[in-house]
>>> print(open('structure.txt').read())   # compact mmCIF, N, CA and C atoms
# COMPACT_ATOMS: atom_id res chain seq x y z
N MET A 1 37.72 -112.49 36.00
CA MET A 1 37.21 -111.42 36.83
C MET A 1 35.74 -111.15 36.48
N LYS A 2 35.43 -111.15 35.21
CA LYS A 2 34.07 -110.89 34.75
C LYS A 2 33.12 -112.00 35.23
N ALA A 3 33.59 -113.23 35.18
CA ALA A 3 32.77 -114.37 35.62
C ALA A 3 32.52 -114.29 37.13
N LYS A 4 33.53 -113.92 37.88
CA LYS A 4 33.40 -113.80 39.33
C LYS A 4 32.39 -112.70 39.68
N THR A 5 32.44 -111.58 38.96
CA THR A 5 31.50 -110.48 39.19
C THR A 5 30.08 -110.93 38.92
N ARG A 6 29.89 -111.66 37.80
CA ARG A 6 28.56 -112.18 37.48
C ARG A 6 28.07 -113.14 38.55
N GLU A 7 28.95 -114.00 39.01
CA GLU A 7 28.59 -114.97 40.06
C GLU A 7 28.18 -114.25 41.35
N MET A 8 28.94 -113.24 41.71
CA MET A 8 28.61 -112.48 42.92
C MET A 8 27.29 -111.74 42.76
N ALA A 9 27.04 -111.19 41.57
CA ALA A 9 25.78 -110.48 41.32
C ALA A 9 24.60 -111.44 41.39
N ALA A 10 24.77 -112.63 40.85
CA ALA A 10 23.70 -113.64 40.90
C ALA A 10 23.44 -114.07 42.34
N GLU A 11 24.47 -114.26 43.13
CA GLU A 11 24.31 -114.63 44.54
C GLU A 11 23.59 -113.50 45.29
N HIS A 12 23.97 -112.28 45.01
CA HIS A 12 23.35 -111.13 45.66
C HIS A 12 21.87 -111.06 45.31
N ALA A 13 21.55 -111.26 44.04
CA ALA A 13 20.15 -111.23 43.60
C ALA A 13 19.35 -112.34 44.28
N LEU A 14 19.93 -113.51 44.38
CA LEU A 14 19.25 -114.64 45.03
C LEU A 14 19.02 -114.35 46.51
N THR A 15 20.02 -113.83 47.18
CA THR A 15 19.91 -113.49 48.60
C THR A 15 18.85 -112.41 48.82
N ALA A 16 18.86 -111.40 47.96
CA ALA A 16 17.87 -110.32 48.08
C ALA A 16 16.47 -110.85 47.85
N ARG A 17 16.31 -111.74 46.89
CA ARG A 17 14.99 -112.31 46.60
C ARG A 17 14.51 -113.14 47.78
N GLU A 18 15.38 -113.96 48.37
CA GLU A 18 15.01 -114.76 49.54
C GLU A 18 14.60 -113.86 50.70
N ALA A 19 15.33 -112.77 50.90
CA ALA A 19 14.99 -111.83 51.97
C ALA A 19 13.63 -111.18 51.71
N ALA A 20 13.36 -110.85 50.46
CA ALA A 20 12.08 -110.24 50.11
C ALA A 20 10.92 -111.22 50.35
N VAL A 21 11.13 -112.48 50.03
CA VAL A 21 10.10 -113.49 50.26
C VAL A 21 9.84 -113.64 51.75
N LYS A 22 10.90 -113.69 52.56
CA LYS A 22 10.75 -113.79 54.02
C LYS A 22 10.02 -112.57 54.58
N ALA A 23 10.39 -111.39 54.09
CA ALA A 23 9.75 -110.16 54.56
C ALA A 23 8.27 -110.13 54.18
N ALA A 24 7.95 -110.58 52.98
CA ALA A 24 6.55 -110.60 52.56
C ALA A 24 5.74 -111.58 53.41
N LYS A 25 6.34 -112.71 53.73
CA LYS A 25 5.66 -113.69 54.57
C LYS A 25 5.45 -113.13 55.98
N ALA A 26 6.46 -112.48 56.53
CA ALA A 26 6.35 -111.89 57.86
C ALA A 26 5.29 -110.79 57.87
N LYS A 27 5.23 -109.99 56.80
CA LYS A 27 4.22 -108.93 56.71
C LYS A 27 2.83 -109.53 56.66
N GLU A 28 2.65 -110.57 55.88
CA GLU A 28 1.34 -111.21 55.80
C GLU A 28 0.92 -111.77 57.15
N GLU A 29 1.85 -112.40 57.86
CA GLU A 29 1.54 -112.94 59.19
C GLU A 29 1.17 -111.81 60.15
N ALA A 30 1.89 -110.69 60.07
CA ALA A 30 1.59 -109.55 60.93
C ALA A 30 0.23 -108.95 60.59
N ASP A 31 -0.10 -108.89 59.31
CA ASP A 31 -1.40 -108.38 58.89
C ASP A 31 -2.53 -109.26 59.41
N VAL A 32 -2.35 -110.57 59.32
CA VAL A 32 -3.37 -111.50 59.83
C VAL A 32 -3.54 -111.32 61.33
N THR A 33 -2.43 -111.22 62.04
CA THR A 33 -2.48 -111.03 63.49
C THR A 33 -3.19 -109.73 63.84
N ALA A 34 -2.91 -108.67 63.10
CA ALA A 34 -3.56 -107.38 63.37
C ALA A 34 -5.06 -107.46 63.10
N ARG A 35 -5.45 -108.13 62.01
CA ARG A 35 -6.88 -108.27 61.71
C ARG A 35 -7.58 -109.08 62.80
N GLU A 36 -6.94 -110.16 63.23
CA GLU A 36 -7.52 -111.00 64.29
C GLU A 36 -7.64 -110.22 65.59
N ALA A 37 -6.62 -109.44 65.91
CA ALA A 37 -6.65 -108.66 67.15
C ALA A 37 -7.77 -107.63 67.11
N ALA A 38 -7.97 -106.99 65.95
CA ALA A 38 -9.05 -106.02 65.83
C ALA A 38 -10.40 -106.70 66.01
N ALA A 39 -10.57 -107.88 65.42
CA ALA A 39 -11.83 -108.61 65.55
C ALA A 39 -12.08 -109.01 67.00
N VAL A 40 -11.04 -109.45 67.68
CA VAL A 40 -11.18 -109.89 69.06
C VAL A 40 -11.55 -108.73 69.97
N VAL A 41 -10.83 -107.62 69.84
CA VAL A 41 -11.10 -106.49 70.73
C VAL A 41 -12.50 -105.94 70.47
N LEU A 42 -12.92 -105.89 69.23
CA LEU A 42 -14.28 -105.43 68.95
C LEU A 42 -15.31 -106.37 69.56
N ARG A 43 -15.06 -107.66 69.42
CA ARG A 43 -15.99 -108.65 69.99
C ARG A 43 -16.06 -108.54 71.51
N LEU A 44 -14.90 -108.35 72.15
CA LEU A 44 -14.87 -108.23 73.61
C LEU A 44 -15.55 -106.95 74.10
N PHE A 45 -15.57 -105.92 73.27
CA PHE A 45 -16.24 -104.67 73.63
C PHE A 45 -17.60 -104.57 72.95
N ASP A 46 -18.24 -105.70 72.72
CA ASP A 46 -19.59 -105.76 72.15
C ASP A 46 -19.73 -104.95 70.87
N ASN A 47 -18.72 -105.04 70.02
CA ASN A 47 -18.69 -104.36 68.71
C ASN A 47 -18.89 -102.85 68.80
N ASP A 48 -18.47 -102.25 69.91
CA ASP A 48 -18.54 -100.80 70.07
C ASP A 48 -17.27 -100.19 69.45
N ALA A 49 -17.34 -100.01 68.15
CA ALA A 49 -16.17 -99.53 67.41
C ALA A 49 -15.75 -98.13 67.85
N GLU A 50 -16.69 -97.29 68.22
CA GLU A 50 -16.35 -95.93 68.66
C GLU A 50 -15.53 -95.96 69.95
N LEU A 51 -15.95 -96.78 70.91
CA LEU A 51 -15.22 -96.89 72.17
C LEU A 51 -13.82 -97.45 71.94
N VAL A 52 -13.73 -98.53 71.18
CA VAL A 52 -12.43 -99.14 70.90
C VAL A 52 -11.55 -98.16 70.13
N SER A 53 -12.16 -97.42 69.24
CA SER A 53 -11.43 -96.42 68.47
C SER A 53 -10.79 -95.39 69.39
N GLU A 54 -11.55 -94.93 70.37
CA GLU A 54 -11.02 -93.97 71.33
C GLU A 54 -9.91 -94.57 72.19
N LEU A 55 -10.12 -95.81 72.63
CA LEU A 55 -9.13 -96.46 73.49
C LEU A 55 -7.80 -96.69 72.77
N LEU A 56 -7.88 -97.09 71.50
CA LEU A 56 -6.67 -97.44 70.76
C LEU A 56 -6.11 -96.30 69.92
N GLY A 57 -6.91 -95.26 69.72
CA GLY A 57 -6.45 -94.17 68.87
C GLY A 57 -6.39 -94.55 67.41
N VAL A 58 -7.28 -95.45 67.00
CA VAL A 58 -7.36 -95.91 65.61
C VAL A 58 -8.75 -95.58 65.10
N PRO A 59 -8.88 -95.08 63.89
CA PRO A 59 -10.21 -94.76 63.37
C PRO A 59 -11.13 -95.98 63.40
N ALA A 60 -12.39 -95.76 63.78
CA ALA A 60 -13.37 -96.84 63.89
C ALA A 60 -13.55 -97.57 62.56
N GLU A 61 -13.54 -96.81 61.47
CA GLU A 61 -13.72 -97.43 60.15
C GLU A 61 -12.59 -98.40 59.84
N GLU A 62 -11.37 -98.02 60.24
CA GLU A 62 -10.21 -98.88 60.01
C GLU A 62 -10.33 -100.17 60.83
N LEU A 63 -10.74 -100.05 62.08
CA LEU A 63 -10.92 -101.23 62.93
C LEU A 63 -11.95 -102.18 62.32
N GLU A 64 -13.07 -101.62 61.90
CA GLU A 64 -14.13 -102.46 61.33
C GLU A 64 -13.67 -103.11 60.04
N ARG A 65 -12.94 -102.37 59.22
CA ARG A 65 -12.43 -102.91 57.96
C ARG A 65 -11.44 -104.05 58.22
N GLU A 66 -10.57 -103.87 59.22
CA GLU A 66 -9.59 -104.91 59.54
C GLU A 66 -10.27 -106.15 60.10
N ALA A 67 -11.28 -105.95 60.91
CA ALA A 67 -11.93 -107.07 61.60
C ALA A 67 -12.86 -107.87 60.68
N LYS A 68 -13.34 -107.24 59.64
CA LYS A 68 -14.36 -107.87 58.79
C LYS A 68 -13.97 -109.25 58.24
N PRO A 69 -12.75 -109.45 57.73
CA PRO A 69 -12.42 -110.75 57.14
C PRO A 69 -12.25 -111.89 58.16
N VAL A 70 -12.19 -111.57 59.45
CA VAL A 70 -11.96 -112.59 60.48
C VAL A 70 -13.31 -113.23 60.83
N THR A 71 -13.33 -114.55 60.79
CA THR A 71 -14.58 -115.25 61.10
C THR A 71 -14.87 -115.17 62.59
N ALA A 72 -16.13 -115.27 62.93
CA ALA A 72 -16.54 -115.25 64.33
C ALA A 72 -15.94 -116.43 65.07
N ALA A 73 -15.85 -117.56 64.39
CA ALA A 73 -15.28 -118.76 65.02
C ALA A 73 -13.81 -118.53 65.38
N ARG A 74 -13.06 -117.89 64.49
CA ARG A 74 -11.64 -117.64 64.77
C ARG A 74 -11.50 -116.65 65.91
N ALA A 75 -12.32 -115.60 65.92
CA ALA A 75 -12.27 -114.62 67.01
C ALA A 75 -12.59 -115.30 68.34
N LYS A 76 -13.59 -116.17 68.34
CA LYS A 76 -13.96 -116.87 69.56
C LYS A 76 -12.83 -117.78 70.03
N GLU A 77 -12.18 -118.43 69.10
CA GLU A 77 -11.05 -119.31 69.44
C GLU A 77 -9.93 -118.52 70.11
N ILE A 78 -9.62 -117.34 69.58
CA ILE A 78 -8.57 -116.50 70.16
C ILE A 78 -8.98 -116.01 71.54
N ILE A 79 -10.24 -115.61 71.69
CA ILE A 79 -10.73 -115.15 73.00
C ILE A 79 -10.62 -116.26 74.03
N GLU A 80 -10.99 -117.48 73.64
CA GLU A 80 -10.89 -118.61 74.58
C GLU A 80 -9.44 -118.86 74.98
N SER A 81 -8.52 -118.75 74.03
CA SER A 81 -7.11 -118.97 74.38
C SER A 81 -6.60 -117.85 75.30
N LEU A 82 -7.06 -116.62 75.08
CA LEU A 82 -6.67 -115.51 75.97
C LEU A 82 -7.22 -115.73 77.37
N ARG A 83 -8.46 -116.18 77.47
CA ARG A 83 -9.05 -116.43 78.78
C ARG A 83 -8.32 -117.55 79.50
N ALA A 84 -7.97 -118.60 78.77
CA ALA A 84 -7.23 -119.71 79.37
C ALA A 84 -5.88 -119.24 79.88
N ARG A 85 -5.23 -118.39 79.09
CA ARG A 85 -3.94 -117.86 79.52
C ARG A 85 -4.08 -116.96 80.73
N ALA A 86 -5.17 -116.20 80.80
CA ALA A 86 -5.39 -115.30 81.93
C ALA A 86 -5.69 -116.07 83.21
N GLU A 87 -6.30 -117.23 83.09
CA GLU A 87 -6.66 -118.03 84.27
C GLU A 87 -5.48 -118.80 84.84
N ARG A 88 -4.46 -119.07 84.03
CA ARG A 88 -3.30 -119.81 84.51
C ARG A 88 -2.50 -118.98 85.49
N PRO A 89 -2.01 -119.63 86.54
CA PRO A 89 -1.13 -118.87 87.45
C PRO A 89 0.16 -118.53 86.74
N ARG A 90 0.69 -117.38 87.05
CA ARG A 90 1.93 -116.94 86.43
C ARG A 90 3.09 -117.76 86.97
N ASN A 91 3.97 -118.12 86.10
CA ASN A 91 5.20 -118.80 86.51
C ASN A 91 6.17 -117.75 87.00
N THR A 92 6.55 -117.86 88.25
CA THR A 92 7.53 -116.92 88.78
C THR A 92 8.80 -117.71 89.08
N ARG A 93 9.85 -117.20 88.55
CA ARG A 93 11.14 -117.85 88.78
C ARG A 93 11.80 -117.21 89.99
N ALA A 94 12.43 -118.04 90.78
CA ALA A 94 13.17 -117.52 91.93
C ALA A 94 14.37 -116.75 91.40
N ARG A 95 14.54 -115.56 91.88
CA ARG A 95 15.67 -114.76 91.44
C ARG A 95 16.93 -115.17 92.16
N LYS A 96 17.99 -115.24 91.41
CA LYS A 96 19.29 -115.52 92.01
C LYS A 96 19.87 -114.19 92.48
N PRO A 97 20.46 -114.18 93.67
CA PRO A 97 21.06 -112.92 94.14
C PRO A 97 22.23 -112.54 93.25
N ARG A 98 22.40 -111.26 93.08
CA ARG A 98 23.55 -110.79 92.30
C ARG A 98 24.83 -111.12 93.03
N ALA A 99 25.86 -111.32 92.29
CA ALA A 99 27.16 -111.64 92.89
C ALA A 99 27.65 -110.50 93.76
N ASP A 100 27.54 -109.25 93.28
CA ASP A 100 28.02 -108.11 94.06
C ASP A 100 27.15 -107.87 95.29
N ALA A 101 25.85 -108.08 95.18
CA ALA A 101 24.96 -107.89 96.32
C ALA A 101 25.18 -109.00 97.34
N ALA A 102 25.37 -110.20 96.87
CA ALA A 102 25.60 -111.32 97.77
C ALA A 102 26.92 -111.13 98.51
N GLY A 103 27.91 -110.62 97.84
CA GLY A 103 29.21 -110.39 98.46
C GLY A 103 29.13 -109.28 99.50
N ALA A 104 28.36 -108.26 99.23
CA ALA A 104 28.22 -107.15 100.17
C ALA A 104 27.48 -107.58 101.42
N VAL A 105 26.49 -108.42 101.26
CA VAL A 105 25.70 -108.87 102.40
C VAL A 105 26.51 -109.81 103.28
N SER A 106 27.31 -110.64 102.66
CA SER A 106 28.04 -111.64 103.45
C SER A 106 29.46 -111.20 103.78
N SER A 107 29.70 -109.91 103.85
CA SER A 107 31.06 -109.47 104.16
C SER A 107 31.37 -109.82 105.61
N THR A 108 32.60 -110.25 105.84
CA THR A 108 33.00 -110.68 107.18
C THR A 108 34.15 -109.85 107.70
N SER A 109 34.21 -108.59 107.33
CA SER A 109 35.32 -107.76 107.74
C SER A 109 35.20 -107.34 109.20
N GLY A 110 34.01 -107.48 109.79
CA GLY A 110 33.82 -107.11 111.17
C GLY A 110 33.34 -105.67 111.31
N ALA A 111 33.52 -104.86 110.28
CA ALA A 111 33.06 -103.47 110.33
C ALA A 111 31.59 -103.43 109.96
N PRO A 112 30.82 -102.52 110.59
CA PRO A 112 29.41 -102.41 110.22
C PRO A 112 29.28 -101.91 108.79
N ALA A 113 28.30 -102.41 108.10
CA ALA A 113 28.08 -102.03 106.71
C ALA A 113 27.44 -100.65 106.65
N SER A 114 27.78 -99.88 105.63
CA SER A 114 27.18 -98.57 105.43
C SER A 114 25.93 -98.71 104.57
N VAL A 115 24.94 -97.89 104.87
CA VAL A 115 23.70 -97.89 104.10
C VAL A 115 23.45 -96.46 103.67
N VAL A 116 23.03 -96.27 102.43
CA VAL A 116 22.70 -94.95 101.94
C VAL A 116 21.24 -94.70 102.26
N THR A 117 20.94 -93.58 102.91
CA THR A 117 19.56 -93.27 103.28
C THR A 117 18.86 -92.58 102.12
N ALA A 118 17.57 -92.39 102.25
CA ALA A 118 16.75 -91.80 101.19
C ALA A 118 17.21 -90.39 100.85
N ASP A 119 17.74 -89.65 101.86
CA ASP A 119 18.17 -88.29 101.58
C ASP A 119 19.59 -88.21 101.05
N GLY A 120 20.20 -89.36 100.78
CA GLY A 120 21.53 -89.40 100.22
C GLY A 120 22.63 -89.47 101.24
N GLY A 121 22.28 -89.34 102.53
CA GLY A 121 23.28 -89.44 103.59
C GLY A 121 23.65 -90.89 103.84
N ARG A 122 24.62 -91.10 104.67
CA ARG A 122 25.04 -92.47 104.99
C ARG A 122 24.70 -92.76 106.43
N ALA A 123 24.34 -93.99 106.68
CA ALA A 123 24.05 -94.44 108.04
C ALA A 123 24.66 -95.80 108.23
N ASP A 124 25.04 -96.11 109.44
CA ASP A 124 25.60 -97.44 109.71
C ASP A 124 24.46 -98.41 109.92
N ALA A 125 24.60 -99.57 109.27
CA ALA A 125 23.60 -100.62 109.46
C ALA A 125 24.11 -101.53 110.58
N ALA A 126 23.25 -101.80 111.51
CA ALA A 126 23.70 -102.62 112.64
C ALA A 126 23.15 -104.00 112.52
>>> encode(input="structure.txt", output="structure tokens")
Amino acid sequence: MKAKTREMAAEHALTAREAAVKAAKAKEEADVTAREAAAVVLRLFDNDAELVSELLGVPAEELEREAKPVTAARAKEIIESLRARAERPRNTRARKPRADAAGAVSSTSGAPASVVTADGGRADAA
């Protein structure tokens, strides 16, 4: 019983450590993304930290501090990728009709279908 408890505790410690490593990596990636985003938005707004600060509700000093470690080349690369994405036509998928809506439209009972009007009343659809 004692050996089993120790084994379970060791497994738990290992699992917790792996989770902590993953969380630290995710946090670092999020921090890098936030710094890059701050640099990009400042660059797009001609480094007007006060304006960006007002738009985002983030202190100007914090924005400038976050953006500082990002190189101009990296900011430019991100801006170019955003522009390329903005220029691409959006992919629109054809929507499939809902099963219940399709069934209601194609009803063959011979009776006119009821329609609910804007005021909540009912009207016959012809």
>>> atom_distance(input="structure.txt", atom1="atom N of Ile78 (chain A)", atom2="atom C of Ala20 (chain A)")
28.8 Å
>>> atom_distance(input="structure.txt", atom1="atom N of Val32 (chain A)", atom2="CA of Pro89 (chain A)")
29.4 Å
>>> atom_distance(input="structure.txt", atom1="atom C of Met1 (chain A)", atom2="atom N of Thr15 (chain A)")
19.2 Å
>>> closest_residue(input="structure.txt", among="A:Ala13, A:Met8, A:Ala67, A:Leu56", to="Asp31 (chain A)", atoms="only C-alpha atoms")
A:Ala67
>>> closest_residue(input="structure.txt", among="A:Arg90, A:Ala38, A:Glu80, A:Ala24", to="Val58 (chain A)", atoms="only C-alpha atoms")
A:Ala38
>>> closest_residue(input="structure.txt", among="A:His12, A:Arg65, A:Lys22, A:Arg93", to="Glu36 (chain A)", atoms="only C-alpha atoms")
A:Arg65
>>> residues_around(input="structure.txt", residues="Arg35 (chain A)", least_positions_apart="5", cutoff="7 Å", atoms="all atoms listed in the file", output="number ranges by chain")
A: 30, 40, 66-68, 70
>>> closest_residue(input="structure.txt", among="A:Ala60, A:Ala75, A:Ala19, A:Ala9", to="Val41 (chain A)", atoms="all atoms listed in the file")
A:Ala75
>>> closest_residue(input="structure.txt", among="A:Lys96, A:Asp46, A:Ala39, A:Arg6", to="Arg74 (chain A)", atoms="all atoms listed in the file")
A:Ala39
